[in-house]
Each structure stands twice: as C-alpha cells, then as structure tokens.
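Next up, model-v3.pdb (PDB, C-alpha atoms, pLDDT in the B column):
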```pdb
ATOM      1  CA  MET A1089    -164.970 -21.910 -30.217  1.00 89.00           C
ATOM      2  CA  VAL A1090    -168.359 -22.101 -28.526  1.00 97.00           C
ATOM      3  CA  LEU A1091    -170.355 -25.174 -29.515  1.00 98.00           C
ATOM      4  CA  ILE A1092    -174.079 -24.900 -30.244  1.00 98.00           C
ATOM      5  CA  ALA A1093    -176.337 -27.606 -28.835  1.00 98.00           C
ATOM      6  CA  PRO A1094    -179.956 -27.274 -29.962  1.00 98.00           C
ATOM      7  CA  SER A1095    -182.379 -28.279 -27.223  1.00 96.00           C
ATOM      8  CA  LEU A1096    -184.727 -30.886 -28.643  1.00 96.00           C
ATOM      9  CA  LEU A1097    -187.242 -29.879 -25.981  1.00 93.00           C
ATOM     10  CA  SER A1098    -188.215 -27.039 -28.334  1.00 94.00           C
ATOM     11  CA  CYS A1099    -188.612 -29.146 -31.462  1.00 96.00           C
ATOM     12  CA  ASP A1100    -191.783 -30.502 -33.050  1.00 96.00           C
ATOM     13  CA  PHE A1101    -192.183 -33.813 -31.180  1.00 95.00           C
ATOM     14  CA  SER A1102    -194.478 -35.156 -33.904  1.00 97.00           C
ATOM     15  CA  ARG A1103    -191.438 -35.033 -36.232  1.00 97.00           C
ATOM     16  CA  PHE A1104    -188.741 -35.789 -33.668  1.00 97.00           C
ATOM     17  CA  GLY A1105    -186.340 -37.736 -35.879  1.00 97.00           C
ATOM     18  CA  ASP A1106    -186.702 -35.320 -38.792  1.00 97.00           C
ATOM     19  CA  GLU A1107    -186.086 -32.372 -36.466  1.00 98.00           C
ATOM     20  CA  ILE A1108    -182.775 -33.888 -35.350  1.00 98.00           C
ATOM     21  CA  LYS A1109    -181.770 -34.422 -38.971  1.00 98.00           C
ATOM     22  CA  ARG A1110    -182.760 -30.836 -39.765  1.00 98.00           C
ATOM     23  CA  VAL A1111    -180.576 -29.211 -37.097  1.00 98.00           C
ATOM     24  CA  ASP A1112    -177.765 -31.677 -37.792  1.00 98.00           C
ATOM     25  CA  LYS A1113    -177.735 -30.536 -41.427  1.00 98.00           C
ATOM     26  CA  ALA A1114    -177.979 -26.929 -40.209  1.00 98.00           C
ATOM     27  CA  GLY A1115    -174.664 -27.256 -38.387  1.00 98.00           C
ATOM     28  CA  ALA A1116    -175.525 -28.203 -34.818  1.00 98.00           C
ATOM     29  CA  ASP A1117    -172.520 -29.457 -32.860  1.00 98.00           C
ATOM     30  CA  ILE A1118    -174.367 -31.485 -30.215  1.00 98.00           C
ATOM     31  CA  MET A1119    -177.923 -32.748 -29.701  1.00 98.00           C
ATOM     32  CA  HIS A1120    -179.239 -31.800 -26.248  1.00 98.00           C
ATOM     33  CA  LEU A1121    -181.992 -34.079 -24.945  1.00 98.00           C
ATOM     34  CA  ASP A1122    -183.846 -33.106 -21.764  1.00 96.00           C
ATOM     35  CA  VAL A1123    -185.224 -36.035 -19.781  1.00 97.00           C
ATOM     36  CA  MET A1124    -187.802 -35.054 -17.137  1.00 96.00           C
ATOM     37  CA  ASP A1125    -189.644 -37.356 -14.760  1.00 96.00           C
ATOM     38  CA  GLY A1126    -192.510 -35.168 -13.524  1.00 94.00           C
ATOM     39  CA  HIS A1127    -191.046 -35.406 -10.007  1.00 94.00           C
ATOM     40  CA  PHE A1128    -187.637 -33.711  -9.905  1.00 96.00           C
ATOM     41  CA  VAL A1129    -189.206 -31.115 -12.194  1.00 95.00           C
ATOM     42  CA  PRO A1130    -192.943 -30.702 -12.825  1.00 91.00           C
ATOM     43  CA  ASN A1131    -192.764 -31.448 -16.538  1.00 91.00           C
ATOM     44  CA  LEU A1132    -192.607 -34.904 -18.180  1.00 93.00           C
ATOM     45  CA  THR A1133    -190.791 -35.608 -21.440  1.00 95.00           C
ATOM     46  CA  PHE A1134    -189.355 -38.918 -22.673  1.00 96.00           C
ATOM     47  CA  GLY A1135    -187.143 -41.802 -21.618  1.00 97.00           C
ATOM     48  CA  ALA A1136    -184.412 -44.085 -22.882  1.00 98.00           C
ATOM     49  CA  PRO A1137    -186.563 -45.992 -25.422  1.00 98.00           C
ATOM     50  CA  VAL A1138    -187.231 -42.735 -27.300  1.00 98.00           C
ATOM     51  CA  VAL A1139    -183.543 -41.763 -27.208  1.00 98.00           C
ATOM     52  CA  LYS A1140    -182.647 -45.177 -28.622  1.00 98.00           C
ATOM     53  CA  LYS A1141    -185.082 -44.724 -31.523  1.00 98.00           C
ATOM     54  CA  LEU A1142    -183.668 -41.254 -32.232  1.00 98.00           C
ATOM     55  CA  ARG A1143    -180.024 -42.314 -32.120  1.00 98.00           C
ATOM     56  CA  PRO A1144    -179.784 -43.279 -35.847  1.00 98.00           C
ATOM     57  CA  ALA A1145    -180.985 -39.804 -36.867  1.00 98.00           C
ATOM     58  CA  SER A1146    -177.573 -38.201 -36.250  1.00 98.00           C
ATOM     59  CA  GLU A1147    -173.945 -39.067 -35.614  1.00 98.00           C
ATOM     60  CA  LYS A1148    -173.514 -35.909 -33.541  1.00 98.00           C
ATOM     61  CA  PRO A1149    -172.989 -36.409 -29.788  1.00 98.00           C
ATOM     62  CA  PHE A1150    -176.152 -37.017 -27.774  1.00 98.00           C
ATOM     63  CA  ASP A1151    -176.002 -34.874 -24.632  1.00 98.00           C
ATOM     64  CA  VAL A1152    -178.621 -36.379 -22.304  1.00 98.00           C
ATOM     65  CA  HIS A1153    -179.610 -34.090 -19.431  1.00 98.00           C
ATOM     66  CA  LEU A1154    -181.334 -36.070 -16.684  1.00 98.00           C
ATOM     67  CA  MET A1155    -183.710 -33.869 -14.706  1.00 97.00           C
ATOM     68  CA  ILE A1156    -184.874 -36.828 -12.652  1.00 98.00           C
ATOM     69  CA  SER A1157    -184.901 -37.710  -8.961  1.00 98.00           C
ATOM     70  CA  GLU A1158    -183.026 -41.020  -9.121  1.00 98.00           C
ATOM     71  CA  PRO A1159    -180.646 -40.922 -12.099  1.00 98.00           C
ATOM     72  CA  HIS A1160    -178.597 -43.886 -10.862  1.00 98.00           C
ATOM     73  CA  ARG A1161    -181.497 -46.198 -11.729  1.00 98.00           C
ATOM     74  CA  TYR A1162    -181.404 -45.240 -15.405  1.00 98.00           C
ATOM     75  CA  ILE A1163    -177.736 -44.767 -16.327  1.00 98.00           C
ATOM     76  CA  ASN A1164    -177.450 -48.172 -18.008  1.00 98.00           C
ATOM     77  CA  ASP A1165    -180.668 -47.569 -19.947  1.00 98.00           C
ATOM     78  CA  PHE A1166    -179.423 -44.292 -21.406  1.00 98.00           C
ATOM     79  CA  ALA A1167    -175.955 -45.689 -22.061  1.00 98.00           C
ATOM     80  CA  ASP A1168    -177.570 -48.559 -23.966  1.00 98.00           C
ATOM     81  CA  ALA A1169    -179.714 -46.026 -25.854  1.00 98.00           C
ATOM     82  CA  GLY A1170    -176.613 -44.308 -27.224  1.00 98.00           C
ATOM     83  CA  ALA A1171    -175.968 -41.336 -24.939  1.00 98.00           C
ATOM     84  CA  ASP A1172    -172.498 -39.845 -25.397  1.00 98.00           C
ATOM     85  CA  ILE A1173    -172.750 -37.460 -22.437  1.00 98.00           C
ATOM     86  CA  ILE A1174    -174.962 -37.951 -19.383  1.00 98.00           C
ATOM     87  CA  SER A1175    -175.505 -35.082 -16.990  1.00 98.00           C
ATOM     88  CA  PHE A1176    -177.463 -35.333 -13.756  1.00 98.00           C
ATOM     89  CA  HIS A1177    -178.220 -32.864 -10.994  1.00 98.00           C
ATOM     90  CA  THR A1178    -176.306 -32.454  -7.765  1.00 98.00           C
ATOM     91  CA  GLU A1179    -179.716 -31.808  -6.167  1.00 98.00           C
ATOM     92  CA  CYS A1180    -181.038 -35.286  -7.043  1.00 98.00           C
ATOM     93  CA  ASP A1181    -181.685 -38.129  -4.576  1.00 97.00           C
ATOM     94  CA  SER A1182    -178.953 -40.420  -5.959  1.00 98.00           C
ATOM     95  CA  ASN A1183    -175.460 -40.681  -4.507  1.00 98.00           C
ATOM     96  CA  ILE A1184    -173.295 -38.465  -6.725  1.00 98.00           C
ATOM     97  CA  ASP A1185    -170.101 -40.506  -6.456  1.00 98.00           C
ATOM     98  CA  GLU A1186    -171.853 -43.805  -7.192  1.00 98.00           C
ATOM     99  CA  THR A1187    -173.816 -42.342 -10.100  1.00 98.00           C
ATOM    100  CA  LEU A1188    -170.674 -40.884 -11.663  1.00 98.00           C
ATOM    101  CA  LYS A1189    -169.012 -44.279 -11.371  1.00 98.00           C
ATOM    102  CA  LEU A1190    -171.929 -45.915 -13.201  1.00 98.00           C
ATOM    103  CA  ILE A1191    -171.485 -43.432 -16.048  1.00 98.00           C
ATOM    104  CA  GLU A1192    -167.713 -43.868 -16.109  1.00 98.00           C
ATOM    105  CA  ASP A1193    -168.000 -47.660 -16.118  1.00 98.00           C
ATOM    106  CA  ARG A1194    -170.140 -47.478 -19.248  1.00 98.00           C
ATOM    107  CA  GLY A1195    -167.597 -45.346 -21.094  1.00 98.00           C
ATOM    108  CA  VAL A1196    -169.997 -42.403 -21.287  1.00 98.00           C
ATOM    109  CA  LYS A1197    -168.814 -38.854 -20.570  1.00 98.00           C
ATOM    110  CA  PRO A1198    -170.011 -37.780 -17.083  1.00 98.00           C
ATOM    111  CA  ALA A1199    -171.403 -34.351 -16.278  1.00 98.00           C
ATOM    112  CA  LEU A1200    -172.986 -32.639 -13.293  1.00 98.00           C
ATOM    113  CA  ALA A1201    -175.716 -30.009 -13.505  1.00 98.00           C
ATOM    114  CA  ILE A1202    -176.612 -27.316 -10.997  1.00 98.00           C
ATOM    115  CA  LYS A1203    -179.799 -25.297 -10.604  1.00 97.00           C
ATOM    116  CA  PRO A1204    -179.733 -21.482 -10.347  1.00 96.00           C
ATOM    117  CA  GLY A1205    -179.984 -21.606  -6.559  1.00 96.00           C
ATOM    118  CA  THR A1206    -177.130 -24.098  -6.100  1.00 98.00           C
ATOM    119  CA  ASN A1207    -173.637 -23.014  -5.078  1.00 98.00           C
ATOM    120  CA  PRO A1208    -171.115 -24.120  -7.736  1.00 98.00           C
ATOM    121  CA  GLN A1209    -168.761 -25.284  -4.990  1.00 98.00           C
ATOM    122  CA  VAL A1210    -170.811 -28.492  -4.737  1.00 98.00           C
ATOM    123  CA  VAL A1211    -169.194 -29.779  -7.948  1.00 98.00           C
ATOM    124  CA  LEU A1212    -165.606 -29.127  -6.847  1.00 98.00           C
ATOM    125  CA  PRO A1213    -165.033 -32.515  -5.149  1.00 98.00           C
ATOM    126  CA  TYR A1214    -165.920 -34.200  -8.459  1.00 98.00           C
ATOM    127  CA  LEU A1215    -164.444 -31.723 -10.944  1.00 98.00           C
ATOM    128  CA  ASP A1216    -161.432 -33.885 -11.846  1.00 98.00           C
ATOM    129  CA  ARG A1217    -163.804 -36.654 -12.989  1.00 98.00           C
ATOM    130  CA  LEU A1218    -166.151 -34.517 -15.056  1.00 98.00           C
ATOM    131  CA  TYR A1219    -166.238 -34.079 -18.800  1.00 98.00           C
ATOM    132  CA  MET A1220    -168.597 -31.140 -18.313  1.00 98.00           C
ATOM    133  CA  VAL A1221    -170.431 -28.976 -15.798  1.00 98.00           C
ATOM    134  CA  LEU A1222    -173.895 -27.776 -16.795  1.00 98.00           C
ATOM    135  CA  VAL A1223    -174.878 -24.437 -15.263  1.00 98.00           C
ATOM    136  CA  MET A1224    -178.610 -23.877 -15.557  1.00 97.00           C
ATOM    137  CA  THR A1225    -179.392 -20.298 -16.558  1.00 96.00           C
ATOM    138  CA  VAL A1226    -183.124 -20.794 -15.948  1.00 94.00           C
ATOM    139  CA  GLU A1227    -185.044 -22.958 -13.499  1.00 90.00           C
ATOM    140  CA  PRO A1228    -185.074 -26.483 -14.975  1.00 87.00           C
ATOM    141  CA  GLY A1229    -188.278 -27.988 -16.263  1.00 77.00           C
ATOM    142  CA  PHE A1230    -189.637 -25.741 -18.992  1.00 67.00           C
ATOM    143  CA  GLY A1231    -188.402 -24.140 -22.194  1.00 63.00           C
ATOM    144  CA  GLY A1232    -188.805 -20.498 -23.174  1.00 66.00           C
ATOM    145  CA  GLN A1233    -187.657 -18.915 -19.890  1.00 76.00           C
ATOM    146  CA  SER A1234    -185.542 -15.762 -19.603  1.00 89.00           C
ATOM    147  CA  PHE A1235    -181.768 -15.995 -19.265  1.00 94.00           C
ATOM    148  CA  MET A1236    -180.356 -15.253 -15.788  1.00 96.00           C
ATOM    149  CA  PRO A1237    -177.197 -13.184 -16.364  1.00 95.00           C
ATOM    150  CA  ASP A1238    -176.090 -13.464 -12.723  1.00 96.00           C
ATOM    151  CA  MET A1239    -175.410 -17.169 -13.338  1.00 97.00           C
ATOM    152  CA  MET A1240    -172.296 -16.084 -15.238  1.00 97.00           C
ATOM    153  CA  GLU A1241    -170.626 -15.576 -11.858  1.00 98.00           C
ATOM    154  CA  LYS A1242    -170.786 -19.366 -11.450  1.00 98.00           C
ATOM    155  CA  VAL A1243    -169.270 -19.842 -14.887  1.00 98.00           C
ATOM    156  CA  THR A1244    -166.398 -17.499 -14.039  1.00 97.00           C
ATOM    157  CA  PHE A1245    -165.835 -19.270 -10.722  1.00 98.00           C
ATOM    158  CA  LEU A1246    -165.745 -22.692 -12.393  1.00 98.00           C
ATOM    159  CA  ARG A1247    -163.570 -21.454 -15.267  1.00 97.00           C
ATOM    160  CA  LYS A1248    -160.933 -20.258 -12.784  1.00 97.00           C
ATOM    161  CA  GLU A1249    -161.014 -23.515 -10.845  1.00 98.00           C
ATOM    162  CA  ILE A1250    -160.728 -25.596 -14.024  1.00 98.00           C
ATOM    163  CA  ALA A1251    -157.736 -23.519 -15.135  1.00 98.00           C
ATOM    164  CA  LYS A1252    -156.149 -23.707 -11.687  1.00 98.00           C
ATOM    165  CA  ARG A1253    -156.307 -27.507 -11.784  1.00 98.00           C
ATOM    166  CA  ARG A1254    -155.250 -27.600 -15.449  1.00 98.00           C
ATOM    167  CA  LEU A1255    -158.310 -29.620 -16.398  1.00 98.00           C
ATOM    168  CA  SER A1256    -160.105 -29.873 -19.726  1.00 98.00           C
ATOM    169  CA  THR A1257    -163.590 -29.881 -18.160  1.00 98.00           C
ATOM    170  CA  LEU A1258    -166.128 -28.067 -20.323  1.00 98.00           C
ATOM    171  CA  ILE A1259    -168.797 -25.642 -19.119  1.00 98.00           C
ATOM    172  CA  GLU A1260    -172.265 -25.742 -20.643  1.00 98.00           C
ATOM    173  CA  VAL A1261    -175.145 -23.351 -20.050  1.00 98.00           C
ATOM    174  CA  ASP A1262    -178.805 -24.099 -20.650  1.00 96.00           C
ATOM    175  CA  GLY A1263    -181.724 -21.713 -20.607  1.00 93.00           C
ATOM    176  CA  GLY A1264    -182.644 -18.482 -22.347  1.00 93.00           C
ATOM    177  CA  ILE A1265    -179.751 -18.615 -24.811  1.00 95.00           C
ATOM    178  CA  ALA A1266    -180.544 -16.381 -27.795  1.00 95.00           C
ATOM    179  CA  LYS A1267    -178.951 -13.733 -29.984  1.00 96.00           C
ATOM    180  CA  ASP A1268    -179.145 -11.148 -27.179  1.00 96.00           C
ATOM    181  CA  THR A1269    -177.622 -13.387 -24.473  1.00 97.00           C
ATOM    182  CA  ILE A1270    -175.122 -15.769 -26.069  1.00 97.00           C
ATOM    183  CA  ALA A1271    -172.296 -13.221 -26.210  1.00 97.00           C
ATOM    184  CA  THR A1272    -172.573 -12.770 -22.430  1.00 97.00           C
ATOM    185  CA  ALA A1273    -172.181 -16.517 -21.966  1.00 97.00           C
ATOM    186  CA  ALA A1274    -169.250 -16.740 -24.358  1.00 97.00           C
ATOM    187  CA  LYS A1275    -167.462 -13.830 -22.669  1.00 97.00           C
ATOM    188  CA  ALA A1276    -167.816 -15.559 -19.277  1.00 97.00           C
ATOM    189  CA  GLY A1277    -166.018 -18.634 -20.617  1.00 97.00           C
ATOM    190  CA  VAL A1278    -168.790 -21.011 -21.636  1.00 98.00           C
ATOM    191  CA  ASP A1279    -167.841 -23.841 -24.017  1.00 98.00           C
ATOM    192  CA  ILE A1280    -171.290 -25.164 -24.990  1.00 98.00           C
ATOM    193  CA  CYS A1281    -174.520 -23.185 -25.306  1.00 98.00           C
ATOM    194  CA  VAL A1282    -177.832 -25.015 -25.331  1.00 97.00           C
ATOM    195  CA  ALA A1283    -180.348 -23.135 -27.472  1.00 96.00           C
ATOM    196  CA  GLY A1284    -183.955 -24.179 -27.899  1.00 94.00           C
ATOM    197  CA  THR A1285    -186.392 -21.550 -29.111  1.00 93.00           C
ATOM    198  CA  ALA A1286    -183.573 -19.558 -30.719  1.00 96.00           C
ATOM    199  CA  VAL A1287    -182.969 -22.447 -33.123  1.00 97.00           C
ATOM    200  CA  PHE A1288    -186.293 -24.252 -33.477  1.00 96.00           C
ATOM    201  CA  GLY A1289    -188.355 -21.074 -33.412  1.00 94.00           C
ATOM    202  CA  ALA A1290    -186.288 -19.418 -36.140  1.00 96.00           C
ATOM    203  CA  PRO A1291    -187.411 -19.321 -39.795  1.00 96.00           C
ATOM    204  CA  ASP A1292    -184.188 -21.088 -40.798  1.00 97.00           C
ATOM    205  CA  ALA A1293    -182.187 -23.267 -38.404  1.00 98.00           C
ATOM    206  CA  LYS A1294    -178.877 -22.898 -40.262  1.00 98.00           C
ATOM    207  CA  THR A1295    -179.074 -19.119 -40.253  1.00 98.00           C
ATOM    208  CA  ALA A1296    -179.967 -19.157 -36.561  1.00 98.00           C
ATOM    209  CA  ILE A1297    -177.037 -21.423 -35.631  1.00 98.00           C
ATOM    210  CA  ASP A1298    -174.601 -19.438 -37.793  1.00 97.00           C
ATOM    211  CA  GLU A1299    -175.729 -16.172 -36.184  1.00 97.00           C
ATOM    212  CA  LEU A1300    -175.401 -17.584 -32.659  1.00 98.00           C
ATOM    213  CA  ARG A1301    -171.923 -18.888 -33.427  1.00 96.00           C
ATOM    214  CA  GLU A1302    -170.842 -15.561 -34.971  1.00 96.00           C
ATOM    215  CA  LEU A1303    -171.982 -13.665 -31.863  1.00 96.00           C
ATOM    216  CA  CYS A1304    -169.604 -15.756 -29.740  1.00 94.00           C
ATOM    217  CA  LYS A1305    -166.506 -14.465 -31.524  1.00 88.00           C
TER     218      LYS A1305
END
```
As structure tokens, the full file:
Amino acid sequence: MVLIAPSLLSCDFSRFGDEIKRVDKAGADIMHLDVMDGHFVPNLTFGAPVVKKLRPASEKPFDVHLMISEPHRYINDFADAGADIISFHTECDSNIDETLKLIEDRGVKPALAIKPGTNPQVVLPYLDRLYMVLVMTVEPGFGGQSFMPDMMEKVTFLRKEIAKRRLSTLIEVDGGIAKDTIATAAKAGVDICVAGTAVFGAPDAKTAIDELRELCK
C-alpha cells in the first residue's frame, strides 16, 4: 500500500497546527515538513522550534526533509523537536556518514534525498543504513512544480537494488504528485508519495487523499 504524506509546505501557514489536524483527520499517513535555509535552496521556511510547537497536533510520523546546506548542525535540534524521520540531501555540505550516525544515535529514522540531476548510485554505499530514500520529482525549493516522469527510472533502479539486498528500505517521491501522476509513481514501486497542492488545494482533504490512495491500487 502506498502511503500518502501531505506536504505542509502547501498548507495555510497562518493556521499551521489546525492544518495538520485537518489532514490527520482526513486520513494522512505521514506529515511531511520541508525545512529550507535560503542557501541550499532559494526559499526559506521554518526551523526546529516551529516543528516542536507543531508536534502535539498529530501522532502521525513527522517526516522532516532538510533542504539545508549543513544538516549535521541541526540533527539534534530536529530530533528534540519530535522528528520521526529525518532526510537530508546527498548534495549538501555535511559529511554523509557522520550525519547519518547523528540521526541513528538519536533513534530517529535516517533517510537520504537526491535531486533530479543526481545519480541514484550515490546512495548505494549507505542503503543498508537507510529507512528511506527520497527521490525528488521536481527541483527542490518550491511547491507547485510539474512532476518529472523520467525520475521513475531512479525509483526502479533503487527498487531492484533494495530487493537484491533483501532490505526493507522505503522509497519516497516528492514533487508534482497529483491524481494524474500518482499511479505512475506507484507502478514504479514507490512506497510513500508526498502530495502538497493535490491535498491542500482540494475542496475536501479526505476526498483528495482517498482518491490518491485509490489510484495507487
């Protein structure tokens, strides 16, 4: 079953906590929180103090996606804030091995993310340690972009490698997931689909999530 992770980047920030409660009640499986530093990506969002304040709004897993240049400096902050999963980019300035160890030492589930232009082979040395690999299906930094179907080749490549090693590593995709694209992702072997506008821009969040989930069957 494909899990649906609404991207809080697309919610009404003036009602942040209520928006989390709304999509939780609507059947969301995971809460996806995009952290941007204005350096690794041009946009700027929020940090650990905001995540900590939001944590009581839902018992669903908090999937914190760090689009920041030096994630190693903030792992403890986000672990303290209540992150269940922390993903960071292979393209960042931090040492990947050391940053993964920081996440592991805190008992948080570690994940690596790759941009559209990054070869998925870069995650292979770490695959045995990862709870999840996040394949970006748009350029990171902004919501509302169009899905890149050619990124499914990366998903297929990773799915085969995960099966070959008999691992339980999950594959997540983020960017442009909607009713006309989610079936493509599911068919390629994706486990978690991050959906922003498709959920928060819909008239009814529950209907939107139910429809996305049905299209994955």
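For the set A:Ile1265, A:Leu1132, A:Ala1114, A:Val1152, the residue with the smallest atom-to-atom gap to Ile1173 in chain A is A:Val1152, counting all atoms listed in the file.
Atom pair CA of Leu1222 in chain A / CA of Glu1192 in chain A has a distance of 17.3 Å (rounded to one decimal).
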Item to check | Nearby residues, (-178.1, -21.8, -8.6) file frame, 12 Å, all atoms listed in the file, as number ranges by chain | outcome: A: 1177-1179, 1201-1211, 1222-1228, 1236-1243, 1261
Item to check | Chain and number of each residue from the PyMOL selection byres ((chain A and resi 1297) around 12), as a PyMOL selection string | outcome: chain A and resi 1090-1094+1110-1118+1265-1267+1270+1281-1296+1298-1304
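Closest approach to Ser1095 in chain A among A:Asp1262, A:Lys1305, A:Glu1186, A:Lys1140: A:Asp1262, based on all atoms listed in the file.
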Checklist entry - Residues at most 9 Å from Leu1190 in chain A, counting all atoms listed in the file, excluding those fewer than 3 positions away in the same chain, as a count of residues only? => result 8
